[in-house]
Each structure stands twice: as C-alpha cells, then as structure tokens.
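entry_6.cif follows; it contains mmCIF, C-alpha atoms.
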```cif
data_input
loop_
_atom_site.group_PDB
_atom_site.id
_atom_site.type_symbol
_atom_site.label_atom_id
_atom_site.label_comp_id
_atom_site.auth_asym_id
_atom_site.auth_seq_id
_atom_site.Cartn_x
_atom_site.Cartn_y
_atom_site.Cartn_z
ATOM 1 C CA MET O 1 0.000 0.000 0.000
ATOM 2 C CA ALA O 2 1.538 3.307 -1.050
ATOM 3 C CA LYS O 3 2.215 5.836 1.625
ATOM 4 C CA PRO O 4 0.414 9.158 1.282
ATOM 5 C CA ARG O 5 2.672 11.803 -0.073
ATOM 6 C CA LYS O 6 3.611 14.502 2.350
ATOM 7 C CA PRO O 7 2.354 17.884 1.067
ATOM 8 C CA THR O 8 5.070 20.179 -0.105
ATOM 9 C CA PRO O 9 5.348 23.796 1.138
ATOM 10 C CA ILE O 10 4.197 25.012 -2.268
ATOM 11 C CA SER O 11 1.090 22.837 -2.244
ATOM 12 C CA MET O 12 0.326 23.919 1.338
ATOM 13 C CA ALA O 13 0.652 27.563 0.334
ATOM 14 C CA ARG O 14 -1.625 27.059 -2.674
ATOM 15 C CA PHE O 15 -4.215 25.377 -0.458
ATOM 16 C CA PHE O 16 -3.998 28.158 2.152
ATOM 17 C CA LEU O 17 -4.273 30.937 -0.414
ATOM 18 C CA SER O 18 -6.954 29.308 -2.566
ATOM 19 C CA VAL O 19 -9.894 31.644 -3.152
ATOM 20 C CA GLY O 20 -12.226 28.665 -3.405
ATOM 21 C CA ASN O 21 -11.176 27.475 0.031
ATOM 22 C CA TYR O 22 -11.957 30.886 1.514
ATOM 23 C CA ARG O 23 -15.367 30.873 -0.132
ATOM 24 C CA GLN O 24 -16.031 27.433 1.319
ATOM 25 C CA ALA O 25 -14.803 28.640 4.734
ATOM 26 C CA CYS O 26 -17.233 31.581 4.591
ATOM 27 C CA ARG O 27 -20.100 29.195 3.761
ATOM 28 C CA GLU O 28 -19.139 26.945 6.657
ATOM 29 C CA LEU O 29 -19.020 29.931 9.001
ATOM 30 C CA TRP O 30 -22.394 31.142 7.787
ATOM 31 C CA LYS O 31 -24.036 27.750 8.335
ATOM 32 C CA SER O 32 -22.588 27.552 11.817
ATOM 33 C CA LEU O 33 -23.224 31.104 13.010
ATOM 34 C CA TRP O 34 -26.369 32.357 11.322
ATOM 35 C CA ALA O 35 -28.796 30.944 13.939
ATOM 36 C CA TRP O 36 -26.789 32.347 16.839
ATOM 37 C CA ALA O 37 -26.476 35.708 15.133
ATOM 38 C CA ALA O 38 -30.261 35.894 14.642
ATOM 39 C CA ILE O 39 -30.943 34.961 18.267
ATOM 40 C CA LEU O 40 -28.403 37.538 19.434
ATOM 41 C CA PHE O 41 -29.893 40.295 17.254
ATOM 42 C CA ILE O 42 -33.509 39.587 18.258
ATOM 43 C CA THR O 43 -32.596 39.430 21.941
ATOM 44 C CA GLY O 44 -30.715 42.712 21.838
ATOM 45 C CA LEU O 45 -33.511 44.350 19.856
ATOM 46 C CA LEU O 46 -36.113 43.072 22.304
ATOM 47 C CA PHE O 47 -34.426 44.432 25.408
ATOM 48 C CA SER O 48 -33.108 47.603 23.804
ATOM 49 C CA PHE O 49 -36.275 48.917 22.194
ATOM 50 C CA GLY O 50 -39.101 46.653 23.328
ATOM 51 C CA TYR O 51 -41.609 47.357 26.052
ATOM 52 C CA GLY O 52 -41.163 51.118 25.963
ATOM 53 C CA ALA O 53 -38.119 53.294 26.425
ATOM 54 C CA MET O 54 -34.688 51.981 27.341
ATOM 55 C CA THR O 55 -34.061 51.807 31.080
ATOM 56 C CA GLU O 56 -30.891 51.112 33.013
ATOM 57 C CA GLY O 57 -32.074 47.579 33.871
ATOM 58 C CA LYS O 58 -32.957 46.791 30.245
ATOM 59 C CA TYR O 59 -29.600 48.161 29.116
ATOM 60 C CA ILE O 60 -27.669 45.948 31.554
ATOM 61 C CA LEU O 61 -29.737 42.875 30.564
ATOM 62 C CA ALA O 62 -29.186 43.585 26.862
ATOM 63 C CA VAL O 63 -25.425 43.812 27.455
ATOM 64 C CA ILE O 64 -25.483 40.515 29.315
ATOM 65 C CA PHE O 65 -27.319 38.804 26.443
ATOM 66 C CA TYR O 66 -24.911 40.276 23.922
ATOM 67 C CA VAL O 67 -21.931 38.977 25.903
ATOM 68 C CA LEU O 68 -23.474 35.527 26.395
ATOM 69 C CA GLY O 69 -24.477 35.335 22.748
ATOM 70 C CA GLY O 70 -21.006 36.345 21.618
ATOM 71 C CA ALA O 71 -19.434 33.770 23.903
ATOM 72 C CA ALA O 72 -21.798 31.073 22.588
ATOM 73 C CA VAL O 73 -20.992 31.982 18.979
ATOM 74 C CA GLY O 74 -17.280 31.833 19.695
ATOM 75 C CA ALA O 75 -17.521 28.528 21.548
ATOM 76 C CA ARG O 76 -19.601 26.992 18.787
ATOM 77 C CA ALA O 77 -17.139 28.134 16.154
ATOM 78 C CA ILE O 78 -14.176 26.750 18.098
ATOM 79 C CA TYR O 79 -15.958 23.435 18.661
ATOM 80 C CA ASP O 80 -17.016 23.036 15.023
ATOM 81 C CA TYR O 81 -13.723 23.997 13.424
ATOM 82 C CA ARG O 82 -10.939 22.999 15.741
ATOM 83 C CA ALA O 83 -10.257 19.982 13.522
ATOM 84 C CA HIS O 84 -11.748 21.374 10.314
ATOM 85 C CA VAL O 85 -9.683 21.050 7.171
ATOM 86 C CA LEU O 86 -10.214 24.778 6.500
ATOM 87 C CA ARG O 87 -9.457 25.901 10.046
ATOM 88 C CA LYS O 88 -6.591 28.166 8.953
ATOM 89 C CA GLN O 89 -8.758 30.001 6.440
ATOM 90 C CA ILE O 90 -11.525 30.281 9.021
ATOM 91 C CA SER O 91 -9.051 31.692 11.554
ATOM 92 C CA VAL O 92 -7.918 34.305 9.033
ATOM 93 C CA ILE O 93 -11.532 35.327 8.318
ATOM 94 C CA ILE O 94 -12.404 35.551 12.010
ATOM 95 C CA THR O 95 -9.250 37.560 12.717
ATOM 96 C CA LEU O 96 -9.935 40.015 9.887
ATOM 97 C CA VAL O 97 -13.588 40.483 10.861
ATOM 98 C CA THR O 98 -12.625 40.972 14.507
ATOM 99 C CA ALA O 99 -9.964 43.530 13.543
ATOM 100 C CA VAL O 100 -12.445 45.441 11.381
ATOM 101 C CA ILE O 101 -14.984 45.481 14.221
ATOM 102 C CA VAL O 102 -12.399 46.597 16.799
ATOM 103 C CA VAL O 103 -11.045 49.361 14.538
ATOM 104 C CA GLY O 104 -14.582 50.478 13.724
ATOM 105 C CA LEU O 105 -15.583 50.586 17.392
ATOM 106 C CA ILE O 106 -12.449 52.512 18.349
ATOM 107 C CA SER O 107 -12.967 55.006 15.506
ATOM 108 C CA TRP O 108 -16.629 55.441 16.385
ATOM 109 C CA THR O 109 -15.774 55.920 20.068
ATOM 110 C CA VAL O 110 -13.192 58.590 19.239
ATOM 111 C CA TYR O 111 -15.651 60.308 16.905
ATOM 112 C CA GLU O 112 -18.448 60.270 19.479
ATOM 113 C CA SER O 113 -16.125 61.486 22.243
ATOM 114 C CA LYS O 114 -15.360 64.616 20.219
ATOM 115 C CA LYS O 115 -19.041 65.401 19.713
ATOM 116 C CA PRO O 116 -20.698 67.296 22.543
ATOM 117 C CA SER O 117 -23.266 65.182 24.316
ATOM 118 C CA VAL O 118 -26.912 66.157 24.573
ATOM 119 C CA GLU O 119 -26.406 66.921 28.259
ATOM 120 C CA GLN O 120 -23.396 69.098 27.466
ATOM 121 C CA LYS O 121 -25.338 71.019 24.807
ATOM 122 C CA LEU O 122 -28.225 71.535 27.211
ATOM 123 C CA GLN O 123 -25.814 72.699 29.892
ATOM 124 C CA GLU O 124 -24.152 75.158 27.509
ATOM 125 C CA GLN O 125 -27.540 76.486 26.390
ATOM 126 C CA THR O 126 -28.627 76.809 30.018
ATOM 127 C CA GLU O 127 -25.455 78.711 30.887
ATOM 128 C CA GLN O 128 -25.974 81.041 27.917
ATOM 129 C CA LEU O 129 -29.564 81.684 28.971
ATOM 130 C CA ASN O 130 -28.445 82.342 32.542
ATOM 131 C CA GLN O 131 -25.813 84.810 31.332
ATOM 132 C CA GLN O 132 -28.362 86.560 29.101
ATOM 133 C CA ASN O 133 -30.835 86.733 31.986
ATOM 134 C CA GLN O 134 -28.132 88.070 34.272
ATOM 135 C CA LYS O 135 -27.194 90.776 31.764
ATOM 136 C CA LEU O 136 -30.871 91.592 31.300
ATOM 137 C CA ASP O 137 -31.330 91.903 35.067
ATOM 138 C CA GLU O 138 -28.292 94.173 35.316
ATOM 139 C CA THR O 139 -29.598 96.318 32.457
ATOM 140 C CA ASN O 140 -33.023 96.551 34.085
ATOM 141 C CA LYS O 141 -31.437 97.529 37.396
ATOM 142 C CA LYS O 142 -29.450 100.276 35.687
ATOM 143 C CA LEU O 143 -32.566 101.513 33.893
ATOM 144 C CA ASP O 144 -34.521 101.518 37.150
ATOM 145 C CA GLU O 145 -31.715 103.418 38.877
ATOM 146 C CA THR O 146 -31.560 105.937 36.017
ATOM 147 C CA ARG O 147 -35.342 106.459 36.146
ATOM 148 C CA ARG O 148 -35.197 106.908 39.905
ATOM 149 C CA LYS O 149 -32.386 109.449 39.567
ATOM 150 C CA LEU O 150 -34.191 111.388 36.828
ATOM 151 C CA ASP O 151 -37.348 111.474 38.934
ATOM 152 C CA GLU O 152 -35.290 112.772 41.852
ATOM 153 C CA ILE O 153 -33.795 115.554 39.702
ATOM 154 C CA THR O 154 -37.290 116.542 38.528
ATOM 155 C CA ARG O 155 -38.423 116.737 42.155
ATOM 156 C CA LEU O 156 -35.397 118.826 43.181
ATOM 157 C CA LEU O 157 -35.962 121.300 40.350
ATOM 158 C CA LYS O 158 -39.644 121.711 41.241
ATOM 159 C CA GLU O 159 -38.926 122.153 44.935
ATOM 160 C CA GLN O 160 -35.862 124.425 44.765
ATOM 161 C CA ASN O 161 -36.021 126.437 41.560
ATOM 162 C CA PRO O 162 -39.279 127.697 40.024
ATOM 163 C CA ASN O 163 -37.250 129.152 37.140
ATOM 164 C CA ALA O 164 -35.958 125.734 36.083
ATOM 165 C CA THR O 165 -38.961 124.769 33.983
ATOM 166 C CA PRO O 166 -38.318 123.880 30.316
ATOM 167 C CA GLU O 167 -40.265 126.940 29.156
ATOM 168 C CA LYS O 168 -38.326 129.429 31.283
ATOM 169 C CA LEU O 169 -34.961 127.833 30.506
ATOM 170 C CA LYS O 170 -35.723 127.903 26.790
ATOM 171 C CA GLU O 171 -36.666 131.566 27.078
ATOM 172 C CA LYS O 172 -33.458 132.342 28.980
ATOM 173 C CA TYR O 173 -31.128 130.226 26.794
ATOM 174 C CA SER O 174 -32.692 130.520 23.346
ATOM 175 C CA HIS O 175 -29.811 128.678 21.631
ATOM 176 C CA GLY O 176 -30.401 125.710 23.893
ATOM 177 C CA TYR O 177 -29.204 124.195 27.139
ATOM 178 C CA GLY O 178 -28.114 120.976 28.791
ATOM 179 C CA ILE O 179 -28.852 119.852 32.354
ATOM 180 C CA ALA O 180 -27.079 117.205 34.433
ATOM 181 C CA GLU O 181 -26.467 116.262 38.033
ATOM 182 C CA LEU O 182 -22.831 116.201 39.120
ATOM 183 C CA ASN O 183 -21.742 114.422 42.293
ATOM 184 C CA PRO O 184 -18.232 114.137 43.784
ATOM 185 C CA THR O 185 -18.631 110.388 44.404
ATOM 186 C CA LYS O 186 -21.021 109.262 41.640
ATOM 187 C CA ALA O 187 -21.256 109.257 37.889
ATOM 188 C CA VAL O 188 -22.671 112.142 35.910
ATOM 189 C CA VAL O 189 -26.431 111.848 35.319
ATOM 190 C CA PRO O 190 -27.456 113.731 32.139
ATOM 191 C CA TYR O 191 -31.009 114.969 32.610
ATOM 192 C CA GLN O 192 -32.094 117.027 29.638
ATOM 193 C CA ASN O 193 -30.621 118.484 26.463
ATOM 194 C CA GLN O 194 -32.504 121.096 24.435
ATOM 195 C CA LEU O 195 -30.023 122.447 21.877
ATOM 196 C CA LEU O 196 -30.264 124.036 18.477
ATOM 197 C CA GLU O 197 -29.149 121.992 15.512
ATOM 198 C CA GLY O 198 -25.356 121.786 15.312
ATOM 199 C CA PHE O 199 -24.674 122.058 19.060
ATOM 200 C CA GLN O 200 -23.663 119.043 21.163
ATOM 201 C CA VAL O 201 -22.818 118.807 24.878
ATOM 202 C CA ASP O 202 -20.348 116.211 26.199
ATOM 203 C CA TRP O 203 -21.188 115.613 29.871
ATOM 204 C CA SER O 204 -18.722 112.747 30.247
ATOM 205 C CA VAL O 205 -15.899 115.181 31.101
ATOM 206 C CA ALA O 206 -17.913 117.157 33.687
ATOM 207 C CA ARG O 207 -16.900 116.986 37.361
ATOM 208 C CA VAL O 208 -17.722 118.744 40.647
ATOM 209 C CA ASN O 209 -15.789 119.218 43.908
ATOM 210 C CA ASP O 210 -17.178 120.613 47.147
ATOM 211 C CA LEU O 211 -14.867 123.470 48.175
ATOM 212 C CA GLY O 212 -16.584 124.061 51.503
ATOM 213 C CA ASN O 213 -17.812 127.461 52.699
ATOM 214 C CA GLY O 214 -20.877 127.011 50.501
ATOM 215 C CA ARG O 215 -19.045 126.837 47.162
ATOM 216 C CA VAL O 216 -18.423 124.167 44.560
ATOM 217 C CA GLU O 217 -15.837 123.861 41.827
ATOM 218 C CA VAL O 218 -17.386 122.644 38.579
ATOM 219 C CA ARG O 219 -15.596 121.335 35.531
ATOM 220 C CA MET O 220 -18.204 122.205 32.905
ATOM 221 C CA PRO O 221 -18.924 119.973 29.897
ATOM 222 C CA ASP O 222 -17.315 120.400 26.520
ATOM 223 C CA ILE O 223 -19.502 121.921 23.816
ATOM 224 C CA TYR O 224 -19.229 121.151 20.106
ATOM 225 C CA PHE O 225 -20.619 123.058 17.130
ATOM 226 C CA ASN O 226 -20.991 121.128 13.876
ATOM 227 C CA GLY O 227 -18.509 118.560 15.160
ATOM 228 C CA SER O 228 -15.818 121.133 16.064
ATOM 229 C CA LEU O 229 -14.834 121.805 19.670
ATOM 230 C CA MET O 230 -16.329 125.127 20.734
ATOM 231 C CA VAL O 231 -15.908 125.214 24.542
ATOM 232 C CA HIS O 232 -13.371 123.083 26.414
ATOM 233 C CA GLY O 233 -12.018 122.735 29.935
ATOM 234 C CA ASN O 234 -13.947 125.480 31.717
ATOM 235 C CA LEU O 235 -13.389 125.199 35.477
ATOM 236 C CA VAL O 236 -15.572 127.530 37.530
ATOM 237 C CA SER O 237 -16.247 128.191 41.207
ATOM 238 C CA LEU O 238 -19.918 128.828 42.012
ATOM 239 C CA PRO O 239 -21.933 129.444 45.173
ATOM 240 C CA LYS O 240 -23.816 126.343 46.236
ATOM 241 C CA VAL O 241 -27.114 128.159 45.799
ATOM 242 C CA PRO O 242 -29.872 127.544 43.227
ATOM 243 C CA GLY O 243 -29.770 130.314 40.631
ATOM 244 C CA ALA O 244 -26.071 131.147 41.031
ATOM 245 C CA GLY O 245 -24.304 131.342 37.683
ATOM 246 C CA MET O 246 -21.780 133.057 35.458
ATOM 247 C CA LYS O 247 -20.766 133.531 31.846
ATOM 248 C CA LEU O 248 -18.042 131.210 30.596
ATOM 249 C CA VAL O 249 -17.115 132.305 27.066
ATOM 250 C CA GLN O 250 -18.542 133.739 23.869
ATOM 251 C CA ALA O 251 -18.120 131.912 20.566
ATOM 252 C CA HIS O 252 -19.940 131.576 17.239
ATOM 253 C CA GLY O 253 -22.203 134.465 18.151
ATOM 254 C CA ALA O 254 -23.409 132.827 21.380
ATOM 255 C CA GLY O 255 -22.620 133.373 25.044
ATOM 256 C CA VAL O 256 -22.070 130.194 27.068
ATOM 257 C CA TYR O 257 -23.260 130.241 30.703
ATOM 258 C CA ALA O 258 -23.024 127.972 33.732
ATOM 259 C CA GLU O 259 -25.729 127.964 36.393
ATOM 260 C CA VAL O 260 -26.600 125.976 39.525
ATOM 261 C CA LEU O 261 -30.240 124.857 39.376
ATOM 262 C CA ALA O 262 -30.608 122.723 42.518
ATOM 263 C CA ILE O 263 -28.671 121.077 45.360
ATOM 264 C CA ALA O 264 -28.970 117.316 45.960
ATOM 265 C CA PRO O 265 -29.140 115.974 49.545
ATOM 266 C CA ASP O 266 -26.044 113.804 48.993
ATOM 267 C CA GLY O 267 -23.847 116.789 48.077
ATOM 268 C CA GLY O 268 -24.355 116.800 44.327
ATOM 269 C CA VAL O 269 -25.454 119.779 42.268
ATOM 270 C CA VAL O 270 -27.786 120.045 39.305
ATOM 271 C CA VAL O 271 -26.206 122.416 36.795
ATOM 272 C CA VAL O 272 -27.161 123.817 33.423
ATOM 273 C CA THR O 273 -24.915 124.970 30.634
ATOM 274 C CA GLY O 274 -26.855 127.360 28.427
ATOM 275 C CA LEU O 275 -26.316 129.289 25.209
ATOM 276 C CA ARG O 276 -27.932 132.531 24.106
ATOM 277 C CA PRO O 277 -27.185 134.897 21.248
ATOM 278 C CA GLU O 278 -24.894 137.832 22.014
#
```
Take the structure in the file and give it back as structure tokens.
Amino acid sequence: MAKPRKPTPISMARFFLSVGNYRQACRELWKSLWAWAAILFITGLLFSFGYGAMTEGKYILAVIFYVLGGAAVGARAIYDYRAHVLRKQISVIITLVTAVIVVGLISWTVYESKKPSVEQKLQEQTEQLNQQNQKLDETNKKLDETRRKLDEITRLLKEQNPNATPEKLKEKYSHGYGIAELNPTKAVVPYQNQLLEGFQVDWSVARVNDLGNGRVEVRMPDIYFNGSLMVHGNLVSLPKVPGAGMKLVQAHGAGVYAEVLAIAPDGGVVVVTGLRPE
C-alpha cells in the first residue's frame, strides 16, 4: 500500500491561499453562526427597544445577552472547526472580521467622544440663557436706577427752583441748554438736552468738587458746534445756591453760561450749561 505523499510547502501555500477554500470557509461559518447571530440580534432588539423606552435595567440585561451570545458563537465556532480542514482560512476570516470590528468601534468611540453630548449642549444652552438673563437683570437695574435718579432731579428742580422749567430755561437760553447732576462720588447723570441743531454737549468730562464754605468747583462739559470743539475745559467756582451762575465764554455768536439749578441731599449739584445769542 503506497504511503500518502507529504504535502510540499508550495502545495500547502496554494491550499492556504486558494480563493475557493476561503469561499467554502465563509459558507461553513455562515451555516454555523447564522442561527446564533439571529438569536443575538432579536434578543438585543427586544431588550433595547421593546416594552417602551430603554431603562438602566434593560440596558444591563441587553449587554449581558450580547456577551453571552457572543461567547456562545465563539464557543460553537471553536468546537465546530478545531479539527476542520479549512481551520486556517476560518481563523484568518475571524481575525480580519474581529480587527475590522475593533477598529470600527475605536474610531466610532473617538468620533463620538469629540461630539458634545446632549447633556453638554443643554448645559451650555442653560449657561448662555443664565448669562443673558443676568445681563438683562443688570440692564433693568441700571434703567430703574436711572429712572429713579431722573425722577429725583425733577423733584429737586420743582422744589428748589421755580425758574428751572423747560419753558423758562428755553426763554433764557434761546440757543439751547443741557442739564445734568454732578456728584463728587457718583457718575454724571445727564437729565435734559434742548439744543439748536449743530450744538452738542459732552457731559462725560464734567466733574464737581465741594470746596466748603458754601461753594463748589465745577468742571463744565465740553460743547461742540458742527462737530468742532467750541468750549473746552472750563473750570468755575460757584456758590452752592440755586440760581447762582456766570458767563463762561462767547463763541460763534453765542454766550455760554453755567448755572446751579438745585442742590442734591447727597452733596451733588444740578447744573445747566446754556447758550444765548450775544
């Protein structure tokens, strides 16, 4: 009886690399695994999406079934093909599929980790809304404070100076006027501007200092005419008495005056800078 010929390395390589053998190996794998794969899919689908929304308990149970199903598939494959003539081809297929799955899962995990989660988006939107609400509250507080201050100036003018009405001021300063409250410790509060076209008053540079002995030192506002600086840097000392005033300069056919209209309880003064033709 002739002894079977020992396969040569070339014949072994041809057998290992044969496309037909790999096709047969895929068919063998399919026949062995298809039932387990179906059971695994249906089980995961049942516990993931069945009976209402996903809960933590359903999620854990679905993971357990996936793990058990995967272990069963692997055990069945090992049992069926540990002595199979195409076991090398089957091992190559399983290795390649496993590598593709692992690479895909890693890539998907990295991709998902870079995307902001729903909770993170909601948190960012909540923080933005909180910041907007905080800014809105601050703006409303400033508006309320400004309204309160303007109402206080109106009250001071009515109580302390009957000549500080808009009609009388317009009659006195026919080229227009600007009123503001100046305080040594607070910001300037512009109250009213009634100026002819071309004139602008810059109250941001105005300041006041209490000199004592019933007098105040006032840095009057700058005045512009058609965009050009007309009056700048006037520093005057005035009695701390409603109605006290003086002429500052004359320019562009108008005299510029400074006048104290009222005294605030906190030490501030309400002043007017007025212009009239001369």
Report task. Give me the residues within 6 Å of segment 167-174 of chain O as a ChimeraX atom specification, counting only C-alpha atoms and dropping any in the same chain fewer than 6 places off. Result -> /O:274-276
Name the residues in contact with Val249 of chain O at a cut-off of 12 Å, using only C-alpha atoms, excluding same-chain residues fewer than 2 positions from it; report them as an MDAnalysis selection string.
chainID O and resid 220 222:223 230:236 246:247 251:258 273:278
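Across the model, the gap from atom CA of Asn140 of chain O to atom CA of Gln123 of chain O is 25.3 Å.
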Using all atoms listed in the file: which of O:Ala244, O:Asn213, O:Ala262, O:Val188 has the shortest distance to Asn161 of chain O: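 Distance minimum relative to Asn161 of chain O lands on O:Ala262.
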Report, in Å with one decimal, the straight-line distance from atom CA of Arg215 of chain O to atom CA of Glu259 of chain O.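 Computing it gives 12.7 Å between the two atoms.
Of the listed residues O:Pro190, O:Gly227, O:Gly20, O:Gly243, the one whose atoms come nearest to Tyr177 of chain O is O:Pro190, with distances taken using only C-alpha atoms.
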Exercise. Specify as an MDAnalysis selection string each residue included when the PyMOL selection byres ((chain O and resi 212) around 12) is applied to this file.
Key: chainID O and resid 209:211 213:217 237:240 267
Distance query Glu159 of chain O at most 12 Å, only C-alpha atoms, self and fewer than 3 positions along chain excluded, as a CSV table (one decimal) with C-alpha atoms, in the coordinates of the input:
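In the end it all went to out18.csv:
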```
chain,number,residue,atom,x,y,z
O,152,GLU,CA,-35.3,112.8,41.9
O,153,ILE,CA,-33.8,115.6,39.7
O,154,THR,CA,-37.3,116.5,38.5
O,155,ARG,CA,-38.4,116.7,42.2
O,156,LEU,CA,-35.4,118.8,43.2
O,162,PRO,CA,-39.3,127.7,40.0
O,163,ASN,CA,-37.2,129.2,37.1
O,164,ALA,CA,-36.0,125.7,36.1
O,165,THR,CA,-39.0,124.8,34.0
O,242,PRO,CA,-29.9,127.5,43.2
O,261,LEU,CA,-30.2,124.9,39.4
O,262,ALA,CA,-30.6,122.7,42.5
O,263,ILE,CA,-28.7,121.1,45.4
O,264,ALA,CA,-29.0,117.3,46.0
```
